[in-house]
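target06.cif, holding mmCIF, C-alpha atoms:
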data_coords
loop_
_atom_site.label_atom_id
_atom_site.label_comp_id
_atom_site.auth_asym_id
_atom_site.auth_seq_id
_atom_site.Cartn_x
_atom_site.Cartn_y
_atom_site.Cartn_z
CA ARG A 137 21.82 37.27 20.82
CA GLY A 138 20.31 36.04 24.07
CA THR A 139 16.63 35.23 24.62
CA SER A 140 14.61 34.23 27.64
CA GLY A 141 14.43 30.60 26.49
CA THR A 142 10.66 30.47 26.95
CA PHE A 143 7.62 31.11 24.84
CA SER A 144 3.89 30.60 25.01
CA ILE A 145 1.01 29.54 22.84
CA PHE A 146 -2.07 28.60 24.83
CA PRO A 147 -3.93 30.05 27.81
CA THR A 148 -4.77 27.42 30.41
CA ALA A 149 -7.29 27.22 33.20
CA SER A 150 -4.64 26.31 35.75
CA SER A 151 -2.56 29.40 34.85
CA ARG A 152 0.64 27.37 34.71
CA LEU A 153 3.89 29.12 33.85
CA LEU A 154 6.72 26.82 32.93
CA ARG A 155 9.69 29.11 33.08
CA GLY A 156 13.39 28.65 33.04
CA GLY A 157 16.68 28.61 31.28
CA SER A 158 18.03 30.74 28.52
CA SER A 159 18.96 29.94 24.97
CA ARG A 160 21.36 31.55 22.53
CA GLY A 161 20.28 32.67 19.09
CA GLY A 162 20.67 29.95 16.48
CA ALA A 163 20.19 27.12 18.96
CA CYS A 164 17.04 26.09 17.19
CA GLY A 165 18.48 26.29 13.68
CA ALA A 166 15.71 26.74 11.19
CA MET A 167 13.18 27.17 13.98
CA GLY A 168 14.80 30.46 15.08
CA ALA A 169 12.59 32.81 13.13
CA PRO A 170 9.24 31.35 14.30
CA ILE A 171 10.53 31.18 17.88
CA ASN A 172 11.66 34.81 17.79
CA ARG A 173 8.21 35.85 16.59
CA LEU A 174 6.60 33.88 19.39
CA LEU A 175 8.98 35.43 21.93
CA LEU A 176 8.04 38.85 20.63
CA GLY A 177 4.37 38.01 21.05
CA LEU A 178 4.93 36.95 24.64
CA ALA A 179 6.85 40.16 25.33
CA VAL A 180 3.94 42.20 24.02
CA LEU A 181 1.52 40.27 26.23
CA GLY A 182 3.79 40.88 29.20
CA CYS A 183 3.92 44.59 28.51
CA LEU A 184 0.15 44.69 28.36
CA GLY A 185 -0.14 42.86 31.65
CA MET A 186 -1.80 39.86 29.96
CA ALA A 187 0.93 37.27 30.28
CA GLU A 188 -0.54 35.78 33.42
CA GLY A 189 -2.46 32.56 32.73
CA VAL A 190 -0.42 31.76 29.63
CA GLU A 191 1.45 28.49 29.42
CA VAL A 192 5.13 28.89 28.61
CA CYS A 193 7.45 26.14 27.34
CA ARG A 194 11.21 26.13 27.56
CA VAL A 195 12.90 25.91 24.18
CA ALA A 196 14.92 22.94 25.41
CA ASP A 197 11.69 21.08 26.20
CA LEU A 198 10.16 21.45 22.75
CA SER A 199 9.47 18.28 20.79
CA LEU A 200 9.88 19.16 17.11
CA VAL A 201 10.02 17.37 13.78
CA THR A 202 13.60 16.85 12.58
CA GLN A 203 15.07 15.97 9.18
CA THR A 204 13.76 12.42 9.58
CA GLY A 205 10.22 13.71 9.88
CA GLU A 206 10.75 16.08 6.97
CA PHE A 207 11.80 13.10 4.84
CA PHE A 208 8.52 11.31 5.56
CA LEU A 209 6.59 14.51 4.85
CA ALA A 210 8.36 14.78 1.49
CA VAL A 211 7.61 11.15 0.58
CA THR A 212 3.93 11.56 1.47
CA PHE A 213 3.71 14.86 -0.42
CA LEU A 214 5.17 13.27 -3.55
CA GLY A 215 2.89 10.26 -3.23
CA MET A 216 -0.19 12.46 -2.93
CA GLY A 217 0.91 14.77 -5.74
CA VAL A 218 1.74 12.03 -8.25
CA THR A 219 -1.48 10.20 -7.44
CA THR A 220 -3.51 13.37 -8.00
CA ILE A 221 -1.94 13.87 -11.42
CA ILE A 222 -2.63 10.25 -12.39
CA PHE A 223 -6.26 10.54 -11.31
CA VAL A 224 -6.70 13.75 -13.32
CA LEU A 225 -5.32 12.04 -16.45
CA MET A 226 -7.63 9.09 -15.89
CA MET A 227 -10.57 11.45 -15.50
CA LEU A 228 -9.94 12.93 -18.95
CA LYS A 229 -10.54 9.49 -20.49
CA ALA A 230 -13.51 8.53 -18.32
CA ALA A 231 -17.10 8.51 -19.50
CA SER A 232 -19.06 11.58 -18.46
CA GLU A 233 -21.46 9.64 -16.23
CA LYS A 234 -18.54 8.24 -14.22
CA ARG A 235 -16.61 11.45 -13.77
CA LYS A 236 -18.32 12.17 -10.47
CA PHE A 237 -16.13 9.47 -8.89
CA TYR A 238 -13.02 11.02 -10.43
CA PHE A 239 -13.89 14.56 -9.34
CA VAL A 240 -14.41 13.54 -5.72
CA THR A 241 -11.27 11.40 -5.58
CA CYS A 242 -9.09 14.01 -7.32
CA TYR A 243 -10.18 16.71 -4.89
CA CYS A 244 -9.50 14.39 -1.97
CA CYS A 245 -5.90 13.70 -3.00
CA GLY A 246 -5.36 17.26 -4.20
CA ILE A 247 -6.33 18.80 -0.86
CA ALA A 248 -4.05 16.33 0.93
CA THR A 249 -1.22 17.32 -1.42
CA PHE A 250 -1.65 20.97 -0.47
CA ALA A 251 -1.70 20.08 3.23
CA TYR A 252 1.50 18.05 3.05
CA TYR A 253 3.23 20.76 1.07
CA ALA A 254 2.33 23.21 3.83
CA MET A 255 3.76 20.89 6.47
CA LEU A 256 6.88 20.23 4.42
CA SER A 257 7.49 23.95 3.94
CA GLY A 258 7.26 24.62 7.67
CA GLN A 259 3.75 26.05 7.68
CA GLY A 260 0.51 25.07 9.36
CA TRP A 261 1.86 24.16 12.80
CA LEU A 262 1.84 25.40 16.37
CA ILE A 263 3.09 24.31 19.78
CA SER A 264 0.59 22.29 21.81
CA PRO A 265 0.15 22.61 25.59
CA SER A 266 2.47 19.60 25.97
CA CYS A 267 5.27 21.59 24.27
CA ARG A 268 4.97 19.47 21.15
CA GLN A 269 4.87 20.52 17.49
CA LEU A 270 1.33 20.07 16.22
CA PHE A 271 0.44 20.31 12.52
CA TYR A 272 -3.04 21.79 12.70
CA VAL A 273 -3.21 21.88 8.89
CA ARG A 274 -3.57 18.09 9.06
CA TYR A 275 -6.96 18.52 10.73
CA LEU A 276 -7.94 21.08 8.12
CA ASP A 277 -7.07 18.47 5.49
CA TRP A 278 -9.18 15.80 7.20
CA PHE A 279 -12.08 18.22 7.68
CA PHE A 280 -12.52 18.32 3.88
CA THR A 281 -11.11 15.01 2.63
CA THR A 282 -12.81 12.54 4.98
CA PRO A 283 -16.29 13.71 3.89
CA LEU A 284 -15.19 13.28 0.27
CA LEU A 285 -14.23 9.67 0.97
CA LEU A 286 -17.64 9.06 2.50
CA ILE A 287 -19.28 10.65 -0.55
CA ASP A 288 -17.37 8.19 -2.76
CA LEU A 289 -18.82 5.29 -0.77
CA ALA A 290 -22.28 6.84 -0.96
CA LEU A 291 -22.00 7.17 -4.73
CA ILE A 292 -21.08 3.50 -5.05
CA ALA A 293 -24.03 2.49 -2.89
CA GLY A 294 -26.45 4.91 -4.53
CA ALA A 295 -27.39 6.29 -1.12
CA ASP A 296 -30.01 8.96 -0.61
CA TRP A 297 -28.49 12.40 -0.14
CA THR A 298 -30.28 12.78 3.18
CA TYR A 299 -28.12 10.01 4.62
CA VAL A 300 -25.08 11.47 2.89
CA ALA A 301 -25.65 14.88 4.49
CA ALA A 302 -26.11 13.26 7.91
CA VAL A 303 -22.92 11.20 7.78
CA VAL A 304 -20.87 14.06 6.32
CA GLY A 305 -22.05 16.44 9.03
CA GLY A 306 -21.17 13.90 11.71
CA ASP A 307 -17.76 13.38 10.17
CA MET A 308 -17.00 17.10 10.27
CA MET A 309 -18.01 17.22 13.93
CA MET A 310 -15.72 14.28 14.63
CA ILE A 311 -12.72 16.01 13.04
CA PHE A 312 -13.47 19.24 14.91
CA GLY A 313 -13.59 17.29 18.18
CA GLY A 314 -10.25 15.68 17.38
CA TYR A 315 -8.67 19.06 16.70
CA MET A 316 -9.96 20.48 19.97
CA ALA A 317 -8.53 17.46 21.77
CA SER A 318 -5.14 18.01 20.18
CA ILE A 319 -4.86 21.61 21.42
CA SER A 320 -6.25 20.89 24.89
CA SER A 321 -4.63 19.43 28.00
CA GLY A 322 -5.62 17.38 31.01
CA HIS A 323 -9.13 16.00 31.34
CA ILE A 324 -10.44 18.46 28.75
CA LYS A 325 -8.29 16.79 26.08
CA TRP A 326 -9.69 13.34 26.82
CA LEU A 327 -13.25 14.63 27.02
CA TRP A 328 -12.96 16.06 23.51
CA PHE A 329 -11.38 12.80 22.40
CA ALA A 330 -14.25 10.77 23.86
CA ILE A 331 -16.83 13.01 22.18
CA SER A 332 -15.07 12.52 18.86
CA LEU A 333 -15.08 8.74 19.27
CA LEU A 334 -18.79 8.78 20.11
CA ILE A 335 -19.46 10.48 16.78
CA PHE A 336 -17.10 8.08 15.02
CA ALA A 337 -19.21 5.05 16.02
CA PRO A 338 -22.37 5.89 14.01
CA ILE A 339 -20.22 6.81 11.01
CA ILE A 340 -18.74 3.32 11.02
CA TYR A 341 -22.24 1.86 11.41
CA THR A 342 -23.43 3.81 8.39
CA VAL A 343 -20.51 2.59 6.28
CA LEU A 344 -20.74 -1.06 7.30
CA HIS A 345 -24.51 -1.40 7.51
CA THR A 346 -26.68 1.41 6.12
CA PHE A 347 -24.80 1.84 2.85
CA LYS A 348 -24.04 -1.86 2.56
CA VAL A 349 -27.73 -2.78 2.63
CA LEU A 350 -28.20 -0.62 -0.46
CA VAL A 351 -25.24 -2.24 -2.20
CA GLU A 352 -26.64 -5.74 -1.68
CA ARG A 353 -29.41 -4.86 -4.15
CA SER A 354 -26.88 -3.98 -6.83
CA HIS A 355 -24.74 -6.05 -9.17
CA PRO A 356 -22.20 -8.38 -7.46
CA ALA A 357 -19.33 -6.37 -8.94
CA VAL A 358 -20.61 -3.24 -7.19
CA GLY A 359 -20.90 -5.10 -3.91
CA GLU A 360 -17.37 -6.44 -4.21
CA LEU A 361 -16.01 -2.97 -4.89
CA TYR A 362 -17.90 -1.49 -1.96
CA ASN A 363 -16.63 -4.18 0.41
CA LYS A 364 -13.03 -3.50 -0.60
CA CYS A 365 -13.28 0.27 -0.27
CA SER A 366 -15.38 0.32 2.90
CA TRP A 367 -13.20 -2.12 4.84
CA LEU A 368 -10.03 -0.36 3.74
CA LEU A 369 -11.49 2.91 5.00
CA VAL A 370 -12.75 1.46 8.29
CA VAL A 371 -9.47 -0.29 9.12
CA THR A 372 -7.30 2.73 8.35
CA TRP A 373 -9.62 5.18 10.13
CA ALA A 374 -9.65 2.94 13.20
CA CYS A 375 -5.87 3.39 13.46
CA TYR A 376 -6.03 7.20 13.69
CA PRO A 377 -7.36 7.32 17.29
CA VAL A 378 -4.58 4.92 18.33
CA VAL A 379 -1.95 7.22 16.83
CA PHE A 380 -3.59 10.18 18.57
CA ILE A 381 -3.44 8.50 21.97
CA PHE A 382 0.30 7.85 21.79
CA SER A 383 1.30 11.08 19.99
CA GLU A 384 -0.90 14.12 20.67
CA GLY A 385 -2.38 12.38 23.70
CA THR A 386 0.41 10.99 25.89
CA ALA A 387 3.38 12.15 23.76
CA ASP A 388 4.95 8.68 24.02
CA TRP A 389 5.69 8.69 20.28
CA SER A 390 8.05 11.25 18.80
CA PRO A 391 6.79 13.81 16.26
CA ASN A 392 8.89 12.05 13.59
CA PHE A 393 7.18 8.71 14.22
CA GLU A 394 3.82 10.44 14.32
CA VAL A 395 4.46 12.04 10.92
CA MET A 396 5.49 8.68 9.45
CA ILE A 397 2.43 6.78 10.74
CA TYR A 398 -0.03 9.49 9.73
CA GLY A 399 1.60 9.62 6.29
CA VAL A 400 1.19 5.88 5.75
CA LEU A 401 -2.43 5.98 6.89
CA ASP A 402 -3.21 8.97 4.67
CA LEU A 403 -1.68 7.26 1.64
CA MET A 404 -3.71 4.13 2.33
CA ALA A 405 -6.99 5.96 2.97
CA LYS A 406 -6.69 8.27 -0.04
CA CYS A 407 -4.31 6.98 -2.73
CA VAL A 408 -4.82 3.23 -2.37
CA PHE A 409 -8.55 3.79 -1.86
CA GLY A 410 -8.66 5.90 -5.02
CA PHE A 411 -6.81 3.37 -7.19
CA ILE A 412 -9.06 0.52 -6.02
CA LEU A 413 -12.13 2.62 -6.79
CA LEU A 414 -11.16 4.13 -10.13
CA LEU A 415 -9.64 0.95 -11.58
CA SER A 416 -12.78 -1.08 -10.91
CA HIS A 417 -14.22 -0.35 -14.34
CA GLU A 418 -16.98 -2.97 -14.39
CA ALA A 419 -18.27 -1.97 -10.97
CA LEU A 420 -18.34 1.72 -11.90
CA ASP A 421 -20.18 0.86 -15.10
CA ARG A 422 -22.76 -1.12 -13.17
CA SER A 423 -23.06 1.60 -10.54
CA THR A 424 -23.57 4.47 -12.98
CA ASN A 425 -25.62 2.52 -15.55
CA PRO A 426 -27.97 0.24 -13.61
CA PRO A 427 -30.07 -2.11 -15.78
CA ARG A 428 -33.45 -0.69 -16.77
CA PHE A 429 -36.47 -2.95 -17.25
CA ALA A 430 -39.60 -2.58 -19.33
CA SER A 431 -43.00 -2.06 -17.79
CA ILE A 432 -45.81 -4.58 -18.17
CA ALA A 433 -47.54 -2.56 -20.87
CA GLY A 434 -45.95 -1.38 -24.06
CA GLY A 435 -42.36 -1.34 -25.16
CA THR A 436 -40.43 -3.67 -27.38
CA ALA A 437 -39.64 -6.14 -24.64
CA THR A 438 -41.04 -9.64 -25.08
CA ALA A 439 -41.86 -10.09 -21.40
CA TYR A 440 -42.09 -8.14 -18.16
CA GLY A 441 -38.69 -7.54 -16.64
CA THR A 442 -36.78 -7.89 -19.90
CA GLN A 443 -33.84 -5.51 -20.02
CA MET A 444 -34.54 -2.67 -22.44
CA GLN A 445 -30.96 -2.03 -23.51
CA GLU A 446 -27.65 -3.74 -23.24
CA GLN A 447 -25.19 -2.59 -20.63
CA LYS A 448 -22.50 -0.31 -22.01
CA PRO A 449 -19.19 -2.08 -22.49
CA VAL A 450 -16.56 -1.63 -19.83
CA GLU A 451 -14.01 0.99 -20.76
CA SER A 452 -10.40 -0.04 -21.07
CA TYR A 453 -7.55 2.07 -19.74
CA ILE A 454 -3.89 2.03 -20.52
#
Here is a file; write its structure as structure tokens.
Amino acid sequence: RGTSGTFSIFPTASSRLLRGGSSRGGACGAMGAPINRLLLGLAVLGCLGMAEGVEVCRVADLSLVTQTGEFFLAVTFLGMGVTTIIFVLMMLKAASEKRKFYFVTCYCCGIATFAYYAMLSGQGWLISPSCRQLFYVRYLDWFFTTPLLLIDLALIAGADWTYVAAVVGGDMMMIFGGYMASISSGHIKWLWFAISLLIFAPIIYTVLHTFKVLVERSHPAVGELYNKCSWLLVVTWACYPVVFIFSEGTADWSPNFEVMIYGVLDLMAKCVFGFILLLSHEALDRSTNPPRFASIAGGTATAYGTQMQEQKPVESYI
């Protein structure tokens, strides 16, 4: 049956109405049902006299994820899901004092698995002001998982929880700013983007300097592990703003390419990060069981500074 060929998502300050064309039912394939619901919503707004000031996109102008993008979503979902299961099995064999690393990393990959399943099943998206399909559930994923990654680094470094709370709060603000940029248009979009980048800078400083200073006092194995994980995180996170600029920002990259690049970055920042962390058995042993030294008076030690007990042996995993 015929439709108006237009639908709306966001109110805009400029009160633009992009009208035109008509489209026959079924032209959007699997997207028909969501589009019909959106058309119905616009009709209701029109009946209530509220349609003015609402941006409307022609169906023909929509930029949507196709089967190619769905393939990359499926690959990323499977990668996240399998990795989560592996981490859970590893956690069952881990020593109790080291399970904090496994809990944090399992939750990180598990939340990402849920998010990618939502995207793969056609949920968690909307149409941005640039008439582009935007998976807002991705920002919900990052809002919870990026703080967990920072907590992993803080646990390695043995950072004070005051610093942890500060960097986690800043990270959540950064993700919120990125989401607001993705659903905005014009100069407002880039203002939100700039605010998000301003918050991103001190987070990187904390990872590469504040936490690293603490690690330098630890065993060399702990420092080596922290360097690997921190640089992997910094390099991958630095790529996200670039992807934003050319996808949600200027729309130069297609939604399919956007899905592929974000999927690769998410796998690197979560799965690869997790394997590097959880397979570094000696470093985790040193981090969770730091050497303890005898005091000057008393004890069985023969001299001040003598280690009171031997370090626990490194666990072996199959």
Picked residues, the PyMOL selection byres ((chain A and resi 318) around 12), expected as a ChimeraX atom specification: /A:146,261-272,274-275,311-317,319-322,324-329,332,377,379-387
Pick out the residues sitting within 12 Å of Ala251 of chain A, and hand them over as a PDB file with C-alpha atoms, in the frame of the given file; count all atoms listed in the file, and ignore anything fewer than 3 positions along from it in its own chain.
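And here is the file that came out, selection-v8.pdb:
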ATOM      1  CA  LEU A 209       6.590  14.510   4.850  1.00  0.00           C
ATOM      2  CA  ALA A 210       8.360  14.780   1.490  1.00  0.00           C
ATOM      3  CA  THR A 212       3.930  11.560   1.470  1.00  0.00           C
ATOM      4  CA  PHE A 213       3.710  14.860  -0.420  1.00  0.00           C
ATOM      5  CA  LEU A 214       5.170  13.270  -3.550  1.00  0.00           C
ATOM      6  CA  MET A 216      -0.190  12.460  -2.930  1.00  0.00           C
ATOM      7  CA  GLY A 217       0.910  14.770  -5.740  1.00  0.00           C
ATOM      8  CA  CYS A 244      -9.500  14.390  -1.970  1.00  0.00           C
ATOM      9  CA  CYS A 245      -5.900  13.700  -3.000  1.00  0.00           C
ATOM     10  CA  GLY A 246      -5.360  17.260  -4.200  1.00  0.00           C
ATOM     11  CA  ILE A 247      -6.330  18.800  -0.860  1.00  0.00           C
ATOM     12  CA  ALA A 248      -4.050  16.330   0.930  1.00  0.00           C
ATOM     13  CA  ALA A 254       2.330  23.210   3.830  1.00  0.00           C
ATOM     14  CA  MET A 255       3.760  20.890   6.470  1.00  0.00           C
ATOM     15  CA  LEU A 256       6.880  20.230   4.420  1.00  0.00           C
ATOM     16  CA  SER A 257       7.490  23.950   3.940  1.00  0.00           C
ATOM     17  CA  GLY A 258       7.260  24.620   7.670  1.00  0.00           C
ATOM     18  CA  GLN A 259       3.750  26.050   7.680  1.00  0.00           C
ATOM     19  CA  GLY A 260       0.510  25.070   9.360  1.00  0.00           C
ATOM     20  CA  TRP A 261       1.860  24.160  12.800  1.00  0.00           C
ATOM     21  CA  PHE A 271       0.440  20.310  12.520  1.00  0.00           C
ATOM     22  CA  TYR A 272      -3.040  21.790  12.700  1.00  0.00           C
ATOM     23  CA  VAL A 273      -3.210  21.880   8.890  1.00  0.00           C
ATOM     24  CA  ARG A 274      -3.570  18.090   9.060  1.00  0.00           C
ATOM     25  CA  TYR A 275      -6.960  18.520  10.730  1.00  0.00           C
ATOM     26  CA  LEU A 276      -7.940  21.080   8.120  1.00  0.00           C
ATOM     27  CA  ASP A 277      -7.070  18.470   5.490  1.00  0.00           C
ATOM     28  CA  TRP A 278      -9.180  15.800   7.200  1.00  0.00           C
ATOM     29  CA  PHE A 279     -12.080  18.220   7.680  1.00  0.00           C
ATOM     30  CA  PHE A 280     -12.520  18.320   3.880  1.00  0.00           C
ATOM     31  CA  THR A 281     -11.110  15.010   2.630  1.00  0.00           C
ATOM     32  CA  GLY A 399       1.600   9.620   6.290  1.00  0.00           C
ATOM     33  CA  ASP A 402      -3.210   8.970   4.670  1.00  0.00           C
TER      34      ASP A 402
END
Nearest to Val358 of chain A, chosen from A:Leu289, A:Met309, A:Val201, A:Val378, with all atoms listed in the file counted in the distances: A:Leu289
Could you work out an axis-aligned box for segment 416-421 of chain A, taking every atom the file lists and adding 3 Å on each side, and report centre and edge lengths in Å to one decimal, as AutoDock Vina command-line options?
--center_x -16.5 --center_y -0.6 --center_z -13.0 --size_x 13.4 --size_y 10.7 --size_z 10.2
Nearest to Ala295 of chain A, chosen from A:Thr282, A:Lys406, A:Cys242, A:Arg353, with only C-alpha atoms counted in the distances: A:Arg353
Straight-line distance linking atom CA of Ile339 of chain A with atom CA of Tyr376 of chain A, stated in Å to one decimal: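 A separation of 14.4 Å between them.
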Atom-to-atom span, atom CA of Ser354 of chain A and atom CA of Asp296 of chain A, Å: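 Interatomic distance here is 14.7 Å.
For the pair atom CA of Leu291 of chain A and atom CA of Cys375 of chain A, the separation is 24.6 Å.
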Answer key for the PyMOL selection byres ((chain A and resi 293) around 7), residues as JSON, numbers by chain: {"A": [289, 290, 291, 292, 294, 295, 347, 348, 350, 351]}
Which residue of A:Thr298, A:Asn363, A:Thr372, A:Thr202 approaches Ile412 of chain A most closely, using only C-alpha atoms: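 Closest to Ile412 of chain A of all the choices is A:Asn363.
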Result set of the PyMOL selection byres ((chain A and resi 238) around 10) on the coordinates above, as a PyMOL selection string: chain A and resi 223-228+230+234-237+239-244+288+410+413-414
Residue nearest Ile287 of chain A among A:Cys365, A:Gly215, A:Met310, A:Ala330 (counting all atoms listed in the file): A:Cys365
Since the input lacks some atoms of segment 361-382 of chain A, please model N, CA, C and O atoms and print them as a compact mmCIF listing (two decimals), keeping the file's coordinate frame.
# COMPACT_ATOMS: atom_id res chain seq x y z
N LEU A 361 -16.76 -4.22 -4.96
CA LEU A 361 -16.01 -2.97 -4.89
C LEU A 361 -16.29 -2.24 -3.58
O LEU A 361 -15.37 -1.74 -2.92
N TYR A 362 -17.55 -2.20 -3.19
CA TYR A 362 -17.90 -1.49 -1.96
C TYR A 362 -17.26 -2.16 -0.75
O TYR A 362 -16.77 -1.47 0.16
N ASN A 363 -17.25 -3.48 -0.71
CA ASN A 363 -16.63 -4.18 0.41
C ASN A 363 -15.14 -3.85 0.52
O ASN A 363 -14.62 -3.62 1.61
N LYS A 364 -14.45 -3.82 -0.61
CA LYS A 364 -13.03 -3.50 -0.60
C LYS A 364 -12.78 -2.09 -0.07
O LYS A 364 -11.95 -1.87 0.81
N CYS A 365 -13.52 -1.13 -0.63
CA CYS A 365 -13.28 0.27 -0.27
C CYS A 365 -13.73 0.56 1.17
O CYS A 365 -13.03 1.27 1.91
N SER A 366 -14.86 0.02 1.56
CA SER A 366 -15.38 0.32 2.90
C SER A 366 -14.49 -0.28 3.98
O SER A 366 -14.19 0.40 4.98
N TRP A 367 -14.04 -1.52 3.81
CA TRP A 367 -13.20 -2.12 4.84
C TRP A 367 -11.82 -1.48 4.89
O TRP A 367 -11.23 -1.34 5.96
N LEU A 368 -11.30 -1.08 3.74
CA LEU A 368 -10.03 -0.36 3.74
C LEU A 368 -10.17 0.94 4.53
O LEU A 368 -9.29 1.29 5.35
N LEU A 369 -11.27 1.63 4.31
CA LEU A 369 -11.49 2.91 5.00
C LEU A 369 -11.69 2.69 6.50
O LEU A 369 -11.12 3.42 7.33
N VAL A 370 -12.47 1.71 6.87
CA VAL A 370 -12.75 1.46 8.29
C VAL A 370 -11.48 1.06 9.03
O VAL A 370 -11.21 1.56 10.14
N VAL A 371 -10.69 0.17 8.45
CA VAL A 371 -9.47 -0.29 9.12
C VAL A 371 -8.46 0.84 9.29
O VAL A 371 -7.88 1.02 10.37
N THR A 372 -8.26 1.63 8.24
CA THR A 372 -7.30 2.73 8.35
C THR A 372 -7.81 3.81 9.30
O THR A 372 -7.04 4.32 10.13
N TRP A 373 -9.08 4.16 9.23
CA TRP A 373 -9.62 5.18 10.13
C TRP A 373 -9.57 4.72 11.58
O TRP A 373 -9.41 5.55 12.48
N ALA A 374 -9.71 3.44 11.83
CA ALA A 374 -9.65 2.94 13.20
C ALA A 374 -8.25 3.10 13.81
O ALA A 374 -8.11 3.11 15.04
N CYS A 375 -7.25 3.23 12.96
CA CYS A 375 -5.87 3.39 13.46
C CYS A 375 -5.57 4.84 13.89
O CYS A 375 -4.67 5.06 14.72
N TYR A 376 -6.30 5.80 13.36
CA TYR A 376 -6.03 7.20 13.69
C TYR A 376 -6.20 7.51 15.18
O TYR A 376 -5.34 8.19 15.76
N PRO A 377 -7.26 7.04 15.84
CA PRO A 377 -7.36 7.32 17.29
C PRO A 377 -6.20 6.71 18.08
O PRO A 377 -5.78 7.28 19.09
N VAL A 378 -5.71 5.55 17.65
CA VAL A 378 -4.58 4.92 18.33
C VAL A 378 -3.34 5.80 18.23
O VAL A 378 -2.61 6.02 19.21
N VAL A 379 -3.10 6.33 17.02
CA VAL A 379 -1.95 7.22 16.83
C VAL A 379 -2.12 8.47 17.68
O VAL A 379 -1.16 8.96 18.29
N PHE A 380 -3.33 8.99 17.75
CA PHE A 380 -3.59 10.18 18.57
C PHE A 380 -3.24 9.92 20.03
O PHE A 380 -2.62 10.77 20.70
N ILE A 381 -3.66 8.80 20.54
CA ILE A 381 -3.44 8.50 21.97
C ILE A 381 -1.96 8.55 22.31
O ILE A 381 -1.56 9.15 23.33
N PHE A 382 -1.12 7.96 21.47
CA PHE A 382 0.30 7.85 21.79
C PHE A 382 1.14 9.02 21.27
O PHE A 382 2.33 9.09 21.56
